[in-house]
$ cat upload.csv   # CSV, C-alpha atoms
chain,number,residue,atom,x,y,z
A,1,MET,CA,-52.0,-11.0,19.3
A,2,LYS,CA,-51.7,-14.0,21.6
A,3,PHE,CA,-50.7,-13.4,25.2
A,4,LEU,CA,-47.6,-15.6,24.9
A,5,THR,CA,-46.2,-13.3,22.2
A,6,THR,CA,-45.9,-10.5,24.8
A,7,ASN,CA,-43.0,-12.6,26.2
A,8,PHE,CA,-41.0,-12.0,23.0
A,9,LEU,CA,-41.7,-8.4,22.2
A,10,LYS,CA,-39.5,-5.5,23.3
A,11,CYS,CA,-39.4,-1.8,22.4
A,12,SER,CA,-38.1,-1.3,18.8
A,13,VAL,CA,-36.1,1.8,19.8
A,14,LYS,CA,-32.4,0.8,19.6
A,15,ALA,CA,-31.4,3.1,22.4
A,16,CYS,CA,-33.7,1.3,24.8
A,17,ASP,CA,-31.7,-1.9,24.4
A,18,THR,CA,-29.3,-0.7,27.0
A,19,SER,CA,-32.2,-0.2,29.5
A,20,ASN,CA,-33.8,-3.0,31.5
A,21,ASP,CA,-37.2,-1.3,31.0
A,22,ASN,CA,-37.7,-2.1,27.4
A,23,PHE,CA,-39.2,-5.6,28.2
A,24,PRO,CA,-41.9,-6.5,28.7
A,25,LEU,CA,-43.9,-3.7,27.3
A,26,LYS,CA,-46.5,-2.2,29.6
A,27,TYR,CA,-50.0,-3.1,28.3
A,28,ASP,CA,-52.8,-0.6,28.9
A,29,GLY,CA,-55.5,-2.9,30.4
A,30,ALA,CA,-58.2,-0.3,30.1
A,31,LYS,CA,-57.6,0.0,26.3
A,32,CYS,CA,-57.0,-3.6,25.5
A,33,SER,CA,-59.9,-5.7,24.3
A,34,LEU,CA,-59.4,-9.4,24.8
A,35,GLN,CA,-60.8,-12.3,22.9
A,36,GLN,CA,-60.7,-16.1,23.5
A,37,ASP,CA,-59.7,-18.1,20.4
A,38,ASP,CA,-59.9,-21.9,20.7
A,39,SER,CA,-58.4,-22.8,17.3
A,40,ILE,CA,-55.3,-24.3,18.8
A,41,ASP,CA,-55.9,-27.5,20.7
A,42,PHE,CA,-54.6,-28.1,24.2
A,43,ASN,CA,-51.4,-30.0,24.0
A,44,PRO,CA,-49.7,-30.7,27.3
A,45,GLU,CA,-46.3,-31.3,25.7
A,46,PHE,CA,-46.4,-28.0,23.9
A,47,LEU,CA,-47.4,-26.2,27.1
A,48,LEU,CA,-44.6,-27.9,29.0
A,49,SER,CA,-42.0,-26.7,26.5
A,50,ILE,CA,-43.4,-23.2,26.6
A,51,LEU,CA,-43.4,-23.2,30.4
A,52,ASP,CA,-39.7,-24.3,30.3
A,53,ARG,CA,-38.8,-21.3,28.1
A,54,VAL,CA,-40.9,-18.3,29.2
A,55,ASP,CA,-39.8,-15.4,31.3
A,56,TRP,CA,-42.2,-15.9,34.1
A,57,ASP,CA,-41.8,-12.4,35.6
A,58,ALA,CA,-42.8,-10.9,32.3
A,59,ILE,CA,-45.8,-13.2,32.2
A,60,LEU,CA,-46.8,-12.0,35.6
A,61,ALA,CA,-46.3,-8.3,34.7
A,62,VAL,CA,-48.4,-8.5,31.5
A,63,ALA,CA,-51.1,-10.6,33.3
A,64,ALA,CA,-51.3,-7.9,36.0
A,65,ASP,CA,-51.5,-5.2,33.3
A,66,LEU,CA,-54.5,-7.0,31.9
A,67,GLY,CA,-56.1,-7.4,35.3
A,68,ASN,CA,-55.2,-11.0,36.1
A,69,GLU,CA,-53.5,-11.4,39.5
A,70,SER,CA,-54.2,-15.0,40.0
A,71,LEU,CA,-51.0,-16.6,38.7
A,72,PRO,CA,-48.6,-18.3,41.0
A,73,ARG,CA,-45.7,-15.9,41.9
A,74,VAL,CA,-43.2,-18.6,41.1
A,75,LYS,CA,-43.0,-20.5,37.8
A,76,PRO,CA,-44.6,-23.9,38.3
A,77,VAL,CA,-42.0,-26.6,37.9
A,78,LEU,CA,-43.2,-29.6,35.9
A,79,VAL,CA,-40.8,-32.3,34.6
A,80,PRO,CA,-41.4,-33.3,31.0
A,81,GLY,CA,-41.5,-37.1,30.4
A,82,GLN,CA,-43.1,-37.8,33.8
A,83,GLU,CA,-46.7,-38.7,34.3
A,84,LEU,CA,-48.6,-35.5,35.0
A,85,SER,CA,-50.8,-35.4,38.0
A,86,GLU,CA,-54.3,-34.0,37.8
A,87,ASP,CA,-53.1,-30.8,39.4
A,88,ASP,CA,-50.3,-30.5,36.8
A,89,GLN,CA,-52.8,-31.0,34.0
A,90,ALA,CA,-55.0,-28.3,35.5
A,91,ILE,CA,-52.1,-25.8,35.7
A,92,LEU,CA,-51.2,-26.5,32.0
A,93,ARG,CA,-54.9,-26.1,31.0
A,94,ASP,CA,-55.1,-22.8,32.7
A,95,LEU,CA,-51.8,-21.7,31.0
A,96,HIS,CA,-53.2,-22.8,27.7
A,97,THR,CA,-56.2,-20.7,28.2
A,98,LEU,CA,-54.2,-17.6,29.2
A,99,LEU,CA,-51.1,-17.9,27.0
A,100,ILE,CA,-52.4,-19.3,23.8
A,101,GLN,CA,-56.2,-18.8,23.7
A,102,THR,CA,-56.2,-15.2,25.0
A,103,SER,CA,-55.6,-12.7,22.3
A,104,ILE,CA,-55.4,-8.9,22.4
A,105,VAL,CA,-57.5,-7.9,19.4
A,106,GLU,CA,-57.3,-4.1,19.9
A,107,GLY,CA,-55.2,-2.2,22.3
A,108,GLN,CA,-52.0,-0.5,23.1
A,109,MET,CA,-48.7,-0.9,25.0
A,110,GLN,CA,-45.9,1.3,26.0
A,111,CYS,CA,-42.1,1.1,26.5
A,112,ARG,CA,-41.4,1.7,30.2
A,113,ASN,CA,-38.1,3.3,29.2
A,114,CYS,CA,-38.9,5.8,26.3
A,115,GLU,CA,-42.7,5.7,26.8
A,116,HIS,CA,-43.3,5.2,23.1
A,117,ILE,CA,-46.8,3.8,22.6
A,118,TYR,CA,-47.4,0.9,20.2
A,119,TYR,CA,-50.9,-0.1,19.0
A,120,ILE,CA,-52.6,-3.4,18.2
A,121,LYS,CA,-55.2,-3.3,15.5
A,122,ASN,CA,-57.2,-6.2,14.1
A,123,GLY,CA,-55.1,-8.5,16.2
A,124,ILE,CA,-51.8,-7.4,14.7
A,125,PRO,CA,-49.3,-5.3,16.8
A,126,ASN,CA,-47.6,-2.5,15.0
A,127,LEU,CA,-44.0,-2.1,16.2
A,128,LEU,CA,-42.8,0.2,13.5
A,129,LEU,CA,-41.3,3.5,14.6
A,130,PRO,CA,-42.0,6.9,13.3
A,131,PRO,CA,-39.0,8.3,11.3
A,132,HIS,CA,-37.7,10.4,14.1
A,133,LEU,CA,-37.2,7.4,16.4
A,134,ALA,CA,-36.1,4.8,13.8
B,1,MET,CA,-41.1,-33.9,-2.3
B,2,LEU,CA,-43.3,-32.0,0.2
B,3,PRO,CA,-46.3,-30.2,-1.3
B,4,THR,CA,-46.2,-26.5,-1.9
B,5,PRO,CA,-48.8,-24.4,-0.1
B,6,TYR,CA,-51.8,-23.1,-2.0
B,7,VAL,CA,-51.4,-19.3,-2.3
B,8,ARG,CA,-53.8,-16.7,-3.7
B,9,CYS,CA,-53.0,-13.1,-2.9
B,10,ASP,CA,-53.3,-9.7,-4.4
B,11,TYR,CA,-50.0,-9.5,-6.3
B,12,ASP,CA,-50.3,-5.8,-6.8
B,13,THR,CA,-49.3,-5.3,-3.2
B,14,VAL,CA,-47.7,-8.6,-2.1
B,15,TYR,CA,-44.7,-10.4,-3.7
B,16,GLU,CA,-45.8,-13.3,-5.8
B,17,PRO,CA,-44.1,-16.6,-4.8
B,18,SER,CA,-41.3,-17.0,-7.4
B,19,GLU,CA,-38.1,-19.0,-8.0
B,20,ASP,CA,-36.5,-17.5,-4.9
B,21,SER,CA,-39.4,-18.5,-2.6
B,22,PHE,CA,-39.3,-22.0,-4.1
B,23,LEU,CA,-35.5,-22.4,-3.6
B,24,LEU,CA,-36.0,-21.5,0.1
B,25,LEU,CA,-38.7,-24.2,0.3
B,26,ASP,CA,-36.4,-26.8,-1.2
B,27,ALA,CA,-33.6,-25.8,1.0
B,28,LEU,CA,-35.8,-26.1,4.1
B,29,GLU,CA,-37.0,-29.4,2.9
B,30,GLU,CA,-33.4,-30.6,2.6
B,31,GLU,CA,-32.6,-29.3,6.0
B,32,ARG,CA,-35.7,-30.6,7.7
B,33,ALA,CA,-34.3,-33.7,9.3
B,34,SER,CA,-31.2,-32.0,10.8
B,35,LEU,CA,-33.3,-29.1,12.1
B,36,GLY,CA,-35.7,-31.6,13.7
B,37,ALA,CA,-32.8,-33.3,15.4
B,38,THR,CA,-31.3,-30.0,16.6
B,39,PHE,CA,-34.5,-28.6,18.0
B,40,GLN,CA,-36.3,-31.7,19.2
B,41,ASP,CA,-37.9,-31.8,22.7
B,42,LYS,CA,-37.8,-28.0,23.2
B,43,LEU,CA,-39.9,-25.1,22.2
B,44,SER,CA,-38.6,-23.5,19.0
B,45,ILE,CA,-39.1,-19.9,18.1
B,46,VAL,CA,-39.3,-19.6,14.3
B,47,CYS,CA,-39.2,-16.2,12.7
B,48,GLU,CA,-39.6,-15.3,9.1
B,49,LEU,CA,-38.7,-11.8,8.1
B,50,GLY,CA,-40.6,-10.4,5.1
B,51,PRO,CA,-43.0,-13.3,4.7
B,52,GLY,CA,-44.8,-11.6,1.8
B,53,SER,CA,-47.6,-14.0,0.8
B,54,GLY,CA,-46.7,-16.3,3.7
B,55,ILE,CA,-45.8,-19.2,1.5
B,56,ILE,CA,-42.6,-20.1,3.4
B,57,THR,CA,-44.0,-19.8,6.9
B,58,THR,CA,-47.0,-21.8,5.9
B,59,PHE,CA,-44.8,-24.5,4.4
B,60,MET,CA,-42.9,-24.7,7.7
B,61,MET,CA,-46.1,-24.9,9.7
B,62,GLN,CA,-47.5,-27.6,7.5
B,63,ASN,CA,-44.4,-29.7,7.6
B,64,GLY,CA,-43.5,-29.2,11.2
B,65,ILE,CA,-40.2,-27.4,10.5
B,66,PRO,CA,-38.2,-27.5,12.8
B,67,THR,CA,-40.6,-29.5,15.0
B,68,LYS,CA,-44.2,-30.5,14.8
B,69,ASP,CA,-46.4,-29.1,17.6
B,70,LYS,CA,-43.4,-27.5,19.5
B,71,SER,CA,-42.8,-24.5,17.3
B,72,ILE,CA,-44.2,-21.0,17.4
B,73,TYR,CA,-44.1,-18.9,14.2
B,74,LEU,CA,-43.5,-15.2,14.2
B,75,ALA,CA,-43.9,-13.5,10.8
B,76,ALA,CA,-42.5,-10.0,10.8
B,77,ASP,CA,-43.1,-7.7,7.8
B,78,ILE,CA,-43.1,-3.9,7.4
B,79,SER,CA,-46.1,-4.2,5.0
B,80,PRO,CA,-49.6,-4.6,6.5
B,81,TRP,CA,-50.6,-6.3,3.2
B,82,ALA,CA,-48.0,-9.0,3.6
B,83,LEU,CA,-49.2,-9.7,7.2
B,84,GLU,CA,-52.8,-10.0,6.1
B,85,ALA,CA,-51.7,-12.3,3.2
B,86,THR,CA,-49.6,-14.4,5.6
B,87,ARG,CA,-52.5,-14.9,7.9
B,88,ASP,CA,-54.8,-15.8,4.9
B,89,THR,CA,-52.4,-18.2,3.4
B,90,ALA,CA,-52.0,-20.0,6.7
B,91,LYS,CA,-55.7,-20.3,6.9
B,92,HIS,CA,-56.2,-21.5,3.3
B,93,ASN,CA,-53.8,-24.3,4.1
B,94,SER,CA,-55.6,-25.4,7.3
B,95,CYS,CA,-52.9,-24.2,9.6
B,96,ASN,CA,-55.3,-22.7,12.1
B,97,GLY,CA,-54.2,-25.0,14.8
B,98,THR,CA,-50.6,-23.8,14.7
B,99,TYR,CA,-49.2,-20.9,16.6
B,100,LEU,CA,-48.7,-18.0,14.1
B,101,GLU,CA,-48.2,-14.4,15.0
B,102,PRO,CA,-47.9,-11.7,12.3
B,103,LEU,CA,-46.0,-8.7,13.6
B,104,GLN,CA,-45.6,-5.3,11.9
B,105,SER,CA,-41.9,-4.6,12.4
B,106,ASP,CA,-38.7,-3.4,10.8
B,107,LEU,CA,-36.8,-6.6,10.6
B,108,ALA,CA,-36.5,-8.1,14.1
B,109,SER,CA,-36.1,-4.9,16.0
B,110,CYS,CA,-39.1,-5.6,18.1
B,111,LEU,CA,-37.9,-9.1,19.2
B,112,LYS,CA,-36.3,-9.7,22.6
B,113,GLY,CA,-32.6,-10.5,22.1
B,114,ARG,CA,-31.4,-14.0,21.2
B,115,GLU,CA,-34.7,-15.8,21.2
B,116,VAL,CA,-35.0,-16.9,17.6
B,117,ASP,CA,-34.0,-20.5,16.9
B,118,LEU,CA,-34.9,-20.6,13.2
B,119,LEU,CA,-34.7,-17.5,11.1
B,120,VAL,CA,-35.7,-17.4,7.4
B,121,PHE,CA,-35.2,-14.4,5.2
B,122,ASN,CA,-36.0,-13.9,1.5
B,123,PRO,CA,-34.8,-10.2,1.5
B,124,PRO,CA,-35.3,-7.5,-1.1
B,125,TYR,CA,-32.1,-8.3,-3.0
B,126,VAL,CA,-32.4,-6.5,-6.3
B,127,PRO,CA,-29.6,-3.9,-6.7
B,128,ALA,CA,-31.1,-0.4,-6.8
B,129,GLU,CA,-30.0,3.1,-6.1
B,130,HIS,CA,-31.6,3.1,-2.7
B,131,VAL,CA,-34.0,1.2,-0.5
B,132,PRO,CA,-37.5,2.8,-0.9
B,133,GLU,CA,-39.3,4.3,2.1
B,134,ALA,CA,-42.6,2.7,3.2
B,135,PRO,CA,-45.5,4.4,1.4
B,136,ARG,CA,-47.6,6.7,3.5
B,137,MET,CA,-51.3,6.4,4.2
B,138,GLY,CA,-53.2,7.2,1.0
B,139,GLU,CA,-50.3,6.6,-1.3
B,140,ASP,CA,-50.5,4.0,-4.1
B,141,HIS,CA,-50.6,0.5,-2.5
B,142,ARG,CA,-48.4,-0.9,-5.2
B,143,MET,CA,-45.5,1.0,-3.8
B,144,TRP,CA,-45.3,-1.7,-1.1
B,145,LEU,CA,-44.2,-4.1,-3.7
B,146,ASP,CA,-41.0,-2.1,-4.3
B,147,LEU,CA,-40.1,-2.6,-0.7
B,148,ALA,CA,-40.2,-6.3,-1.2
B,149,LEU,CA,-37.8,-6.1,-4.1
B,150,LEU,CA,-35.3,-3.3,-4.0
B,151,GLY,CA,-32.2,-3.8,-1.9
B,152,GLY,CA,-30.1,-0.7,-2.4
B,153,GLU,CA,-26.4,-1.0,-3.2
B,154,ASP,CA,-25.5,-4.5,-4.5
B,155,GLY,CA,-29.0,-5.4,-3.4
B,156,MET,CA,-27.4,-5.9,0.1
B,157,ALA,CA,-28.6,-2.9,2.1
B,158,VAL,CA,-31.3,-4.7,4.0
B,159,THR,CA,-29.6,-8.0,4.2
B,160,LYS,CA,-26.4,-6.3,5.6
B,161,ARG,CA,-28.5,-4.6,8.2
B,162,LEU,CA,-29.9,-8.0,9.2
B,163,LEU,CA,-26.5,-9.7,9.3
B,164,ASP,CA,-25.2,-6.9,11.6
B,165,GLN,CA,-28.0,-7.7,14.0
B,166,LEU,CA,-27.8,-11.5,13.7
B,167,ASP,CA,-25.8,-12.1,16.8
B,168,ASN,CA,-28.5,-10.3,18.8
B,169,ILE,CA,-31.4,-12.1,17.1
B,170,LEU,CA,-30.3,-15.8,17.1
B,171,SER,CA,-30.5,-18.0,20.2
B,172,LYS,CA,-27.4,-20.0,21.2
B,173,LYS,CA,-28.2,-22.8,18.8
B,174,GLY,CA,-30.0,-20.5,16.3
B,175,VAL,CA,-29.8,-21.0,12.6
B,176,ALA,CA,-30.6,-18.6,9.8
B,177,TYR,CA,-31.4,-19.3,6.2
B,178,ILE,CA,-30.9,-16.3,3.9
B,179,LEU,CA,-31.5,-16.0,0.2
B,180,PHE,CA,-29.0,-14.2,-2.1
B,181,CYS,CA,-28.7,-13.5,-5.8
B,182,ALA,CA,-25.3,-13.6,-7.5
B,183,ARG,CA,-25.2,-9.8,-7.7
B,184,ASN,CA,-25.2,-9.7,-3.9
B,185,ARG,CA,-21.7,-11.4,-4.1
B,186,PRO,CA,-22.7,-13.9,-1.5
B,187,GLU,CA,-19.3,-15.6,-1.3
B,188,GLU,CA,-17.7,-12.4,-0.2
B,189,VAL,CA,-20.5,-11.8,2.3
B,190,ALA,CA,-20.0,-15.4,3.7
B,191,GLN,CA,-16.3,-14.9,3.9
B,192,ARG,CA,-16.7,-11.7,5.9
B,193,MET,CA,-19.1,-13.3,8.3
B,194,ARG,CA,-16.7,-16.3,8.8
B,195,HIS,CA,-13.8,-14.0,9.3
B,196,ASN,CA,-15.2,-12.0,12.2
B,197,GLY,CA,-14.8,-15.3,14.0
B,198,LYS,CA,-18.3,-15.9,15.1
B,199,TRP,CA,-20.1,-17.6,12.3
B,200,LYS,CA,-20.2,-20.8,10.4
B,201,VAL,CA,-21.6,-20.1,7.0
B,202,ASP,CA,-22.6,-22.8,4.4
B,203,LEU,CA,-24.0,-22.7,0.9
B,204,ILE,CA,-27.1,-25.0,1.2
B,205,MET,CA,-28.5,-24.8,-2.3
B,206,HIS,CA,-28.1,-22.8,-5.5
B,207,ARG,CA,-30.0,-22.6,-8.8
B,208,LYS,CA,-30.1,-20.8,-12.0
B,209,ALA,CA,-33.4,-19.0,-12.4
B,210,GLY,CA,-33.7,-17.2,-15.7
B,211,TRP,CA,-30.7,-14.8,-15.9
B,212,GLU,CA,-30.3,-14.9,-12.1
B,213,VAL,CA,-28.3,-17.3,-10.0
B,214,LEU,CA,-30.0,-17.7,-6.6
B,215,SER,CA,-28.5,-19.3,-3.5
B,216,VAL,CA,-29.5,-20.1,0.1
B,217,TYR,CA,-26.8,-19.8,2.8
B,218,ARG,CA,-27.1,-21.1,6.3
B,219,PHE,CA,-25.6,-19.1,9.2
B,220,CYS,CA,-25.1,-20.3,12.7
B,221,ARG,CA,-22.7,-19.6,15.5
B,222,ASP,CA,-19.3,-21.2,15.0
B,223,ASN,CA,-19.5,-23.1,18.3
B,224,ALA,CA,-23.1,-24.2,17.9
B,225,ILE,CA,-22.4,-27.4,16.0
$ encode --input "upload.csv" --output "structure tokens"
Amino acid sequence: MKFLTTNFLKCSVKACDTSNDNFPLKYDGAKCSLQQDDSIDFNPEFLLSILDRVDWDAILAVAADLGNESLPRVKPVLVPGQELSEDDQAILRDLHTLLIQTSIVEGQMQCRNCEHIYYIKNGIPNLLLPPHLA
Amino acid sequence: MLPTPYVRCDYDTVYEPSEDSFLLLDALEEERASLGATFQDKLSIVCELGPGSGIITTFMMQNGIPTKDKSIYLAADISPWALEATRDTAKHNSCNGTYLEPLQSDLASCLKGREVDLLVFNPPYVPAEHVPEAPRMGEDHRMWLDLALLGGEDGMAVTKRLLDQLDNILSKKGVAYILFCARNRPEEVAQRMRHNGKWKVDLIMHRKAGWEVLSVYRFCRDNAI
């Protein structure tokens, strides 16, 4: 599961929808094994559109869960359509490496509200609930 | 006409692409230009529910629906076999360079609210006494196939559940394409959705397939267009 996908996943438990703690899920850094996958080419336009849309605080939270504290605290502001400086390009390349190339192959994550644990196996997260929670 | 993806799966566990899948492909092809115009310049989140073999998601990836290089594709299925198949089908059709994420999920219940720009759903629409439960570990794998087919009362149990959540799934400009068979009484469903005031519902395409009449409807917020 690619890092960026964590920006769209919440707890599946319906009752948690009224809580602010169901997103992002809390990733267990010690139990997550990461892999770099370079099958998607770097495309600055794609990264710009992603940057425009993502919830940056959630990116920071998951990055910290996985041991990466090096991201800027505030979402970088880059204007699409304008010539990108070398610094901008470098930012986008770093984000490409983190958001798109970094995958969690095996691991687990937890809802910060109900504390239900979800697992990632063979790169695929399982967000199904056991019958008593569904 | 856009080419149909190459698909080879184990059809004992995964739904084999059929007339319903092809009707959705044709509907998406017809809608391609307008979807491209609606979603140009921005990132689009595409979500297919119940991708099965992955033929539809792969078709969208191959043909840049809604946008080339600016879409990410989420494929959510309850069946682990379908998720494997979806990943394989994308690979067989050289879609490795496109963002695809298979998610094991009950409909879109794991997705953060109002993020999906393009939703596609070929549901289990065959009328049946009830919607089967997912087989447990060790049970016959072929039971997964029933889940892809049987839709409970009027074949609408699963689709109805999805429609009830639609407001919470689609983004502001979000569009959903959903397949129905005549026994689902889609015109009544469409009327109900229109009447609750929020939705614009249009029949995009229909076709006689054997003894079934299949149709694809488009749902979007009434104020989105």
$ residues_around --input "upload.csv" --residues "Gln108 in chain A" --least-positions-apart "5" --cutoff "9 Å" --atoms "only C-alpha atoms" --output "ChimeraX atom specification"
/A:26-29,31-32,117-121,125
$ closest_atom_pairs --input "upload.csv" --of "chain A" --to "chain B" --cutoff "8 Å" --atoms "all atoms listed in the file" --output "Markdown table"
| residue | atom | partner | partner_atom | distance |
| --- | --- | --- | --- | --- |
| A:Met1 | CA | B:Glu101 | CA | 6.7 |
| A:Lys2 | CA | B:Glu101 | CA | 7.5 |
| A:Thr5 | CA | B:Glu101 | CA | 7.6 |
| A:Phe8 | CA | B:Lys112 | CA | 5.2 |
| A:Leu9 | CA | B:Leu111 | CA | 4.9 |
| A:Lys10 | CA | B:Cys110 | CA | 5.2 |
| A:Cys11 | CA | B:Cys110 | CA | 5.7 |
| A:Ser12 | CA | B:Cys110 | CA | 4.5 |
| A:Val13 | CA | B:Ser109 | CA | 7.7 |
| A:Lys14 | CA | B:Ser109 | CA | 7.7 |
| A:Phe23 | CA | B:Lys112 | CA | 7.5 |
| A:Ser39 | CA | B:Gly97 | CA | 5.4 |
| A:Ile40 | CA | B:Gly97 | CA | 4.2 |
| A:Asp41 | CA | B:Gly97 | CA | 6.6 |
| A:Glu45 | CA | B:Lys70 | CA | 7.8 |
| A:Phe46 | CA | B:Lys70 | CA | 5.3 |
| A:Ser49 | CA | B:Leu43 | CA | 5.0 |
| A:Ile50 | CA | B:Leu43 | CA | 5.9 |
| A:Arg53 | CA | B:Leu43 | CA | 7.1 |
| A:Ile124 | CA | B:Leu103 | CA | 6.0 |
| A:Pro125 | CA | B:Leu103 | CA | 5.7 |
| A:Asn126 | CA | B:Gln104 | CA | 4.6 |
| A:Leu127 | CA | B:Ser105 | CA | 5.0 |
| A:Leu128 | CA | B:Ser105 | CA | 5.0 |
$ residues_around --input "upload.csv" --residues "Tyr125 in chain B" --least-positions-apart "2" --cutoff "7 Å" --atoms "all atoms listed in the file" --output "MDAnalysis selection string"
chainID B and resid 123 127 149:151 155:156 180:181
$ residues_near_point --input "upload.csv" --point "(-27.8, -29.2, 1.1)" --cutoff "8 Å" --atoms "all atoms listed in the file" --output "number ranges by chain"
B: 27, 30-31, 203-205
$ atom_distance --input "upload.csv" --atom1 "CA of Gln89 in chain A" --atom2 "CA of Ser70 in chain A"
17.1 Å
$ atom_distance --input "upload.csv" --atom1 "CA of Gly52 in chain B" --atom2 "CA of Ser21 in chain B"
9.8 Å
$ closest_residue --input "upload.csv" --among "B:Trp211, B:Phe219, B:Phe39, B:Tyr15" --to "Trp144 in chain B" --atoms "only C-alpha atoms"
B:Tyr15
$ atom_distance --input "upload.csv" --atom1 "CA of Ser18 in chain B" --atom2 "CA of Met60 in chain B"
17.0 Å
$ residues_near_point --input "upload.csv" --point "(-47.3, -15.8, 2.0)" --cutoff "6 Å" --atoms "only C-alpha atoms" --output "ChimeraX atom specification"
/B:51-55,85-86,89
$ closest_residue --input "upload.csv" --among "A:Asn68, A:Asn122, A:Ser85, A:Ser19" --to "Ile104 in chain A" --atoms "all atoms listed in the file"
A:Asn122
$ residues_around --input "upload.csv" --residues "Asp38 in chain A" --least-positions-apart "6" --cutoff "9 Å" --atoms "all atoms listed in the file" --output "list in words"
Thr97, Ile100, Gln101 and Thr102 of chain A; Gly97 of chain B
$ residues_around --input "upload.csv" --residues "Asn223 in chain B" --least-positions-apart "2" --cutoff "9 Å" --atoms "all atoms listed in the file" --output "ChimeraX atom specification"
/B:172-173,198-200,220-221,225
$ residues_around --input "upload.csv" --residues "Val77 in chain A" --least-positions-apart "4" --cutoff "10 Å" --atoms "all atoms listed in the file" --output "NGL selection string"
:A and (48 or 51-52 or 88)
$ closest_residue --input "upload.csv" --among "A:Leu71, A:Leu4, A:Leu34, A:Val79" --to "Asp55 in chain A" --atoms "all atoms listed in the file"
A:Leu4
